[in-house]
Amino acid sequence: MSTTPHAPQAPHTPQDGAEPPVLDLAAVGIGPFNLSLTALADEVEDLAYAAYDRRPAYDWHPGLMFDWAKLQVGFLADLVSLVRPTSRWSFLNYLAEHDRMYPFYIAERFHVPRREYADYCAWAAARLPGCHFGTDVTAVHWDAERALWRLTLTPADGAAGPTAAHPTTRLARNIAMGIGTEPHLPTALAVPAARTPDRVFHSGEHLHRVEGLRAQGVRDVTVVGSGQSGAEVFLDLLRRQRDAGWSLTWLTRSWGFAPLDYSKLVLEYTTPAYMRYFNGLDPAVRDRLIASQWQLYKGIDTETIDLIHAELYDHLLDGDRPPVTLLPGTALLGARTADDGTIRLTTSHADTGAERELATGAVVAATGYAARRPACLDPVEKLIAWDGQGRYDIDAGHRVRTVPEVTGGLFVQNAELHTHGAAAPDLGIGAYRGATVLNAVTGRQVFRTPERTAFQTFGG
Ligand SMILES: Cc1cc2nc3c(=O)[nH]c(=O)nc-3n(C[C@H](O)[C@H](O)[C@H](O)COP(=O)(O)OP(=O)(O)OC[C@H]3O[C@@H](n4cnc5c(N)ncnc54)[C@H](O)[C@@H]3O)c2cc1C
Ligand SMILES: NC(=O)c1ccc[n+]([C@@H]2O[C@H](COP(=O)([O-])OP(=O)(O)OC[C@H]3O[C@@H](n4cnc5c(N)ncnc54)[C@H](OP(=O)(O)O)[C@@H]3O)[C@@H](O)[C@H]2O)c1
């Protein structure tokens with residue numbers, strides 16, 4: 001598969017000191033969600049639009065890009081198809097441009113390889129005129145006099161171009177924050193991770209670090225967490241075991257290595273219909289629901305569980321491979337580096353309360369991701385309506401509530417798990433949410449969004 005090289009683009013350069021045109025919408029971050037917004041924006045005539053990302057080029061979760069991993073949603077959940085199937089930025093058009101239509105048709109693969117989806121996104125990102133990489137949005141101010149947002153754009157490390165040395169500013173009527181979430185490391189692991197980052201690291205780093213573990217002669221590895229990342233990292237380490245010769249421990253504080261729920265009527269909880277209903281609920285009810293619905297967004301794809309079980313069975317057939325230990329209901333409480341260089345983990349069992357110490361050579365923390373509160377919004381912190389827990393208060397249209405003097409829209413993508421439910425991080429909602437934002441920004445229905453998205457009637 002060819003990954004299209006993408007030359008970093010410099011932010012807009014004012015010519016002869018002239019101010020660049022005011023943007024109707026500026027997107028901060030280019031992950032799958034703001035990339036979807038950018039692809040849809042490309043379909044809107046006369047929209048002044050730009051999206052910025054600090055990375056040099058589009059690169060989706062490279063530390064977990066296993067060549068055998070699949071996308072967890074069907075290919076129709078691409079950047080555009082669920083609202084604008086005729087767009088040139090559809091996955092099918094990507095296939096056509098790469099002359100893979102017939103092989104794809106015969107393959108009958110609804111869930112495409114993760115690397116194919118990543119390559120599709122990189123293909124779109126490299127061609128969409130609205131994408132500007134190598135540009136960090138370092139500050140956002142509200143210009144009350146002009147009633148516009150002012151973004152400070154700072155060339156990220158390694159960015160090329162004539163403006164590389166100088167920050168610039170850009171004015172915008174609306175902003176869409178699509179900055180994703182950040183890797184979460186339990187406090188217990190903070191000190192060992194700082195001291196030995198090559199042996200204690202987050203799962204997002206896995207493929208960048210795993211060869212190093214072998215080179216260091218690590219004899220045993222512990223994986224913490226039983227979401228999809230933990231399962232994939234464990235499977236990868238298990239498959240490398242014959243060569244690396246390490247023993248493996250996989251622990252999670254969840255009651256078990258539980259599956260994601262993919263049953264059809266439960267999947268309707270990731271549709272716009274449920275998202276709207278969820279947003280209208282009392283915040284305390286929303287918090288209770290999101291905790292109880294964890295198998296919608298946390299858990300392991302059953303196919304991955306089957307692959308792990310098959311690998312463990314083959315392990316038995318091989319006779320005497322180094323041991324593998326699976327510990328459900330086991331929370332990591334503490335960690336320290338011992339004098340002999342091993343990492344000593346303190347764990348506690350959910351049912352028995354028993355505490356034990358476990359010595360290991362390395363730890364991969366597949367302990368998930370947390371919401372970001374971006375530093376670039378610090379200058380407007382007091383203008384934003386935060387909820388009692390320091391989270392955005394977000395309306396049904398994905399717009400963050402602000403003080404009334406702020407007339408420009410501040411939209412968010414994938415920062416609204418607490419206000420919109422399990423659909424927020426789901427790739428299947430990206431095109432719908434992007435279309436909703438663009439309809440609001442243009443003040444007209446540029447995109448017809450689907451009315452019927454679930455058979456169930458939520459809320460009775
Ligand atoms: C390995 C993995 C696989 C996943 N697979 C699926 C799946 O198959 N199906 C599914 O539904 N969900 C999946 N998810 C969950 C989720 O949809 C993804 O994590 C997705 O990447 C979220 O996209 P995003 O656009 O919110 O953010 P991200 O992909 O995190 O992108 C955010 C971008 O913002 C940039 N940025 C941040 N701050 C700034 C700033 N101030 N200035 C400029 N740029 C900035 C960052 O550089 C980054 O490129 C997966 C998650 C992981 C970890
Ligand atoms: N194939 C794919 O498409 C793919 C791949 C990777 C990720 N994803 C998606 O990306 C999102 C993040 O997934 P993720 O696997 O990185 O994270 P996750 O789903 O949030 O899982 C984190 C796991 O770590 C456990 N954990 C956290 N702290 C712990 C501690 N101190 N001790 C023991 N266990 C601890 C959690 O237990 P609790 O449940 O008790 O908190 C949970 O089992 C999910 O929506 C996932 O579906 C998709």
# chains A, B, ... in the order shown; residues from 1 in each chain; ligands from 1

call {"tool": "residues_near_ligand", "arguments": {"ligand": "ligand 2", "cutoff": "7 Å", "atoms": "only C-alpha atoms and all ligand atoms", "output": "list in words"}}
result
Ala69, Lys70, Leu71, Gln72, Pro186, Val224, Gly225, Ser226, Gly227, Gln228, Ser229, Gly230, Leu251, Thr252, Arg253, Ser254, Tyr297, Lys298, Gly299, Thr330, Ala331, Leu332, Leu333, Ala366, Thr367, Gly368, Tyr369 and Pro425 of chain A

call {"tool": "residues_near_ligand", "arguments": {"ligand": "ligand 1", "cutoff": "7 Å", "atoms": "only C-alpha atoms and all ligand atoms", "output": "ChimeraX atom specification"}}
result
/A:28-34,52-55,58,60-61,64-65,70-73,114,135-138,178-181,204,229,374,376,413-414,425-428

call {"tool": "write_last_selection", "arguments": {"atoms": "C-alpha atoms", "output": "mmCIF file, in the first residue's frame"}}
result
data_model
loop_
_atom_site.group_PDB
_atom_site.id
_atom_site.type_symbol
_atom_site.label_atom_id
_atom_site.label_comp_id
_atom_site.auth_asym_id
_atom_site.auth_seq_id
_atom_site.Cartn_x
_atom_site.Cartn_y
_atom_site.Cartn_z
ATOM 1 C CA VAL A 28 -7.880 23.146 15.553
ATOM 2 C CA GLY A 29 -6.361 19.653 15.253
ATOM 3 C CA ILE A 30 -6.669 17.273 12.299
ATOM 4 C CA GLY A 31 -7.574 13.838 13.591
ATOM 5 C CA PRO A 32 -10.316 11.822 11.861
ATOM 6 C CA PHE A 33 -13.038 14.173 13.134
ATOM 7 C CA ASN A 34 -11.702 17.517 11.970
ATOM 8 C CA TYR A 52 -4.387 23.296 11.544
ATOM 9 C CA ASP A 53 -2.401 20.473 13.122
ATOM 10 C CA ARG A 54 0.931 20.627 14.866
ATOM 11 C CA ARG A 55 2.128 17.315 13.415
ATOM 12 C CA TYR A 58 -1.477 13.068 9.023
ATOM 13 C CA TRP A 60 -3.215 8.041 12.888
ATOM 14 C CA HIS A 61 -2.180 6.129 16.049
ATOM 15 C CA LEU A 64 -0.775 0.802 17.490
ATOM 16 C CA MET A 65 -0.767 0.346 13.712
ATOM 17 C CA LYS A 70 -9.196 -3.849 11.748
ATOM 18 C CA LEU A 71 -11.328 -0.758 11.958
ATOM 19 C CA GLN A 72 -14.040 -1.215 14.577
ATOM 20 C CA VAL A 73 -16.675 0.455 12.426
ATOM 21 C CA ARG A 114 -6.910 -0.157 10.256
ATOM 22 C CA THR A 135 1.109 24.495 12.657
ATOM 23 C CA ASP A 136 0.449 24.579 16.384
ATOM 24 C CA VAL A 137 -2.492 26.667 17.547
ATOM 25 C CA THR A 138 -0.875 28.067 20.657
ATOM 26 C CA GLY A 178 -10.870 18.539 17.303
ATOM 27 C CA ILE A 179 -7.792 17.930 19.418
ATOM 28 C CA GLY A 180 -8.596 14.394 20.542
ATOM 29 C CA THR A 181 -7.889 12.941 23.950
ATOM 30 C CA GLY A 204 0.102 4.430 22.307
ATOM 31 C CA SER A 229 -5.500 -1.378 23.135
ATOM 32 C CA PRO A 374 -6.048 22.613 25.945
ATOM 33 C CA CYS A 376 -4.457 27.348 23.869
ATOM 34 C CA GLN A 413 -15.630 17.204 18.316
ATOM 35 C CA ASN A 414 -14.914 14.222 20.601
ATOM 36 C CA PRO A 425 -15.490 9.112 20.187
ATOM 37 C CA ASP A 426 -17.111 6.821 17.581
ATOM 38 C CA LEU A 427 -15.924 7.292 14.006
ATOM 39 C CA GLY A 428 -19.485 6.568 12.844
#

call {"tool": "closest_residue", "arguments": {"among": "A:Asp46, A:Arg240, A:Asp351, A:Ile343", "to": "A:Val446", "atoms": "only C-alpha atoms"}}
result
A:Asp46

call {"tool": "atom_distance", "arguments": {"atom1": "atom CA of A:His141", "atom2": "atom CA of A:Leu417"}}
result
25.6 Å

call {"tool": "closest_residue", "arguments": {"among": "A:Val400, A:Ala371, A:Ala338, A:Ala193", "to": "A:Glu357", "atoms": "only C-alpha atoms"}}
result
A:Ala338

call {"tool": "closest_atom_pairs", "arguments": {"of": "stretch 93-116 of chain A", "to": "stretch 120-134 of chain A", "cutoff": "9 Å", "atoms": "only C-alpha atoms", "output": "tab-separated table"}}
result
residue	atom	partner	partner_atom	distance
A:Tyr94	CA	A:Tyr120	CA	6.4
A:Leu95	CA	A:Tyr120	CA	8.4
A:Arg115	CA	A:Tyr120	CA	8.5
A:Glu116	CA	A:Tyr120	CA	6.1

call {"tool": "write_last_selection", "arguments": {"atoms": "C-alpha atoms", "output": "compact mmCIF listing (two decimals), in the first residue's frame"}}
result
# COMPACT_ATOMS: atom_id res chain seq x y z
CA TYR A 94 -10.18 6.44 -2.57
CA LEU A 95 -10.41 2.78 -3.63
CA ARG A 115 -3.90 0.66 8.09
CA GLU A 116 -6.12 0.95 5.01

call {"tool": "residues_around", "arguments": {"residues": "A:Gln216", "least_positions_apart": "6", "cutoff": "10 Å", "atoms": "only C-alpha atoms", "output": "number ranges by chain"}}
result
A: 198-199, 361

call {"tool": "atom_distance", "arguments": {"atom1": "atom CA of A:Leu327", "atom2": "atom CA of A:Ala422"}}
result
27.0 Å

call {"tool": "closest_residue", "arguments": {"among": "A:Glu145, A:Val112, A:Glu97, A:Ile175", "to": "A:Tyr49", "atoms": "only C-alpha atoms"}}
result
A:Ile175

call {"tool": "residues_around", "arguments": {"residues": "A:Thr402", "least_positions_apart": "4", "cutoff": "12 Å", "atoms": "only C-alpha atoms", "output": "number ranges by chain"}}
result
A: 142, 380-387, 392-395, 406-411

call {"tool": "residues_around", "arguments": {"residues": "stretch 266-272 of chain A", "least_positions_apart": "5", "cutoff": "12 Å", "atoms": "only C-alpha atoms", "output": "ChimeraX atom specification"}}
result
/A:72-73,77,82-83,260-261,277-279,289-290,293-297,396-398,417,420-433,435-436,449-458

call {"tool": "select_by_dssp", "arguments": {"residues": "stretch 264-440 of chain A", "states": "strand (DSSP E)", "output": "ChimeraX atom specification"}}
result
/A:324-327,330-337,343-349,355-360,362-365,369-371,409-412

call {"tool": "atom_distance", "arguments": {"atom1": "atom CA of A:Asp236", "atom2": "atom CA of A:Ala107"}}
result
25.1 Å

call {"tool": "residues_around", "arguments": {"residues": "A:Asp243", "least_positions_apart": "3", "cutoff": "12 Å", "atoms": "only C-alpha atoms", "output": "MDAnalysis selection string"}}
result
chainID A and resid 211 214:215 217 219 237:240 246:247 321:322

call {"tool": "write_last_selection", "arguments": {"atoms": "all heavy atoms", "output": "tab-separated table (two decimals), in the first residue's frame"}}
result
chain	number	residue	atom	x	y	z
A	211	GLU	N	10.51	-3.21	20.17
A	211	GLU	CA	11.79	-3.79	19.75
A	211	GLU	C	12.87	-3.47	20.79
A	211	GLU	O	13.76	-4.27	21.03
A	211	GLU	CB	12.20	-3.26	18.37
A	211	GLU	CG	11.45	-3.92	17.23
A	211	GLU	CD	11.68	-5.43	17.16
A	211	GLU	OE1	12.76	-5.91	17.55
A	211	GLU	OE2	10.74	-6.14	16.75
A	214	ARG	N	13.12	-5.96	23.60
A	214	ARG	CA	13.90	-7.15	23.25
A	214	ARG	C	15.40	-6.84	23.28
A	214	ARG	O	16.19	-7.60	23.83
A	214	ARG	CB	13.49	-7.64	21.86
A	214	ARG	CG	13.81	-9.10	21.72
A	214	ARG	CD	13.79	-9.61	20.32
A	214	ARG	NE	12.76	-9.11	19.46
A	214	ARG	CZ	12.02	-9.89	18.69
A	214	ARG	NH1	12.14	-11.18	18.78
A	214	ARG	NH2	11.17	-9.38	17.85
A	215	ALA	N	15.75	-5.67	22.72
A	215	ALA	CA	17.16	-5.29	22.68
A	215	ALA	C	17.74	-5.15	24.09
A	215	ALA	O	18.91	-5.45	24.33
A	215	ALA	CB	17.31	-3.98	21.91
A	217	GLY	N	16.90	-6.95	26.52
A	217	GLY	CA	16.88	-8.27	27.16
A	217	GLY	C	15.83	-8.41	28.24
A	217	GLY	O	16.00	-9.18	29.19
A	219	ARG	N	12.95	-9.76	30.33
A	219	ARG	CA	12.53	-11.16	30.44
A	219	ARG	C	11.04	-11.30	30.71
A	219	ARG	O	10.46	-12.36	30.48
A	219	ARG	CB	13.30	-11.88	31.58
A	219	ARG	CG	14.81	-11.87	31.44
A	219	ARG	CD	15.28	-12.43	30.10
A	219	ARG	NE	14.82	-13.79	29.86
A	219	ARG	CZ	14.72	-14.34	28.66
A	219	ARG	NH1	15.03	-13.64	27.58
A	219	ARG	NH2	14.31	-15.59	28.52
A	237	LEU	N	2.51	-9.04	21.92
A	237	LEU	CA	3.61	-9.54	22.76
A	237	LEU	C	3.62	-11.08	22.79
A	237	LEU	O	4.67	-11.71	22.82
A	237	LEU	CB	3.49	-8.99	24.19
A	237	LEU	CG	3.74	-7.48	24.34
A	237	LEU	CD1	3.31	-7.00	25.72
A	237	LEU	CD2	5.22	-7.16	24.11
A	238	LEU	N	2.41	-11.65	22.79
A	238	LEU	CA	2.27	-13.11	22.80
A	238	LEU	C	2.84	-13.70	21.51
A	238	LEU	O	3.54	-14.72	21.52
A	238	LEU	CB	0.77	-13.41	22.93
A	238	LEU	CG	0.31	-14.80	23.36
A	238	LEU	CD1	0.92	-15.20	24.69
A	238	LEU	CD2	-1.23	-14.79	23.50
A	239	ARG	N	2.54	-13.05	20.40
A	239	ARG	CA	3.04	-13.55	19.11
A	239	ARG	C	4.55	-13.40	18.98
A	239	ARG	O	5.18	-14.10	18.22
A	239	ARG	CB	2.34	-12.82	17.97
A	239	ARG	CG	0.91	-13.29	17.81
A	239	ARG	CD	0.17	-12.52	16.76
A	239	ARG	NE	-1.10	-13.13	16.42
A	239	ARG	CZ	-2.05	-12.55	15.70
A	239	ARG	NH1	-1.88	-11.33	15.26
A	239	ARG	NH2	-3.16	-13.19	15.45
A	240	ARG	N	5.12	-12.44	19.71
A	240	ARG	CA	6.58	-12.23	19.67
A	240	ARG	C	7.29	-13.13	20.67
A	240	ARG	O	8.51	-13.11	20.75
A	240	ARG	CB	6.92	-10.77	20.00
A	240	ARG	CG	6.47	-9.76	18.97
A	240	ARG	CD	6.73	-8.35	19.49
A	240	ARG	NE	6.08	-7.35	18.66
A	240	ARG	CZ	6.72	-6.64	17.71
A	240	ARG	NH1	7.99	-6.81	17.51
A	240	ARG	NH2	6.06	-5.74	17.00
A	246	TRP	N	10.06	-13.89	26.44
A	246	TRP	CA	9.62	-13.26	27.69
A	246	TRP	C	8.35	-13.91	28.25
A	246	TRP	O	7.55	-14.46	27.50
A	246	TRP	CB	9.40	-11.77	27.53
A	246	TRP	CG	8.65	-11.31	26.30
A	246	TRP	CD1	7.52	-11.84	25.75
A	246	TRP	CD2	9.01	-10.21	25.46
A	246	TRP	NE1	7.15	-11.13	24.64
A	246	TRP	CE2	8.04	-10.13	24.43
A	246	TRP	CE3	10.04	-9.27	25.48
A	246	TRP	CZ2	8.09	-9.16	23.44
A	246	TRP	CZ3	10.08	-8.31	24.50
A	246	TRP	CH2	9.12	-8.26	23.48
A	247	SER	N	8.20	-13.84	29.58
A	247	SER	CA	6.93	-14.25	30.18
A	247	SER	C	6.03	-13.02	30.20
A	247	SER	O	6.51	-11.89	30.17
A	247	SER	CB	7.14	-14.83	31.57
A	247	SER	OG	7.69	-13.85	32.42
A	321	ARG	N	6.49	-23.09	26.58
A	321	ARG	CA	6.85	-21.68	26.38
A	321	ARG	C	6.87	-20.97	27.72
A	321	ARG	O	6.25	-21.44	28.67
A	321	ARG	CB	5.83	-21.03	25.45
A	321	ARG	CG	6.25	-21.10	24.01
A	321	ARG	CD	5.63	-19.97	23.25
A	321	ARG	NE	4.58	-20.45	22.37
A	321	ARG	CZ	3.72	-19.65	21.74
A	321	ARG	NH1	3.78	-18.35	21.94
A	321	ARG	NH2	2.81	-20.13	20.96
A	322	PRO	N	7.51	-19.81	27.88
A	322	PRO	CA	7.48	-19.11	29.17
A	322	PRO	C	6.05	-18.82	29.60
A	322	PRO	O	5.15	-18.74	28.76
A	322	PRO	CB	8.22	-17.80	28.88
A	322	PRO	CG	9.01	-18.06	27.67
A	322	PRO	CD	8.29	-19.08	26.89

call {"tool": "residues_around", "arguments": {"residues": "A:Thr304", "least_positions_apart": "4", "cutoff": "10 Å", "atoms": "only C-alpha atoms", "output": "PyMOL selection string"}}
result
chain A and resi 69-70+228+231-232+235+259+300+308-310

call {"tool": "closest_residue", "arguments": {"among": "A:Gly63, A:Pro85, A:Pro328, A:Gly74", "to": "A:Glu205", "atoms": "only C-alpha atoms"}}
result
A:Gly63

call {"tool": "closest_residue", "arguments": {"among": "A:Tyr117, A:Asp143, A:Leu171, A:Asp99", "to": "A:Glu19", "atoms": "only C-alpha atoms"}}
result
A:Leu171
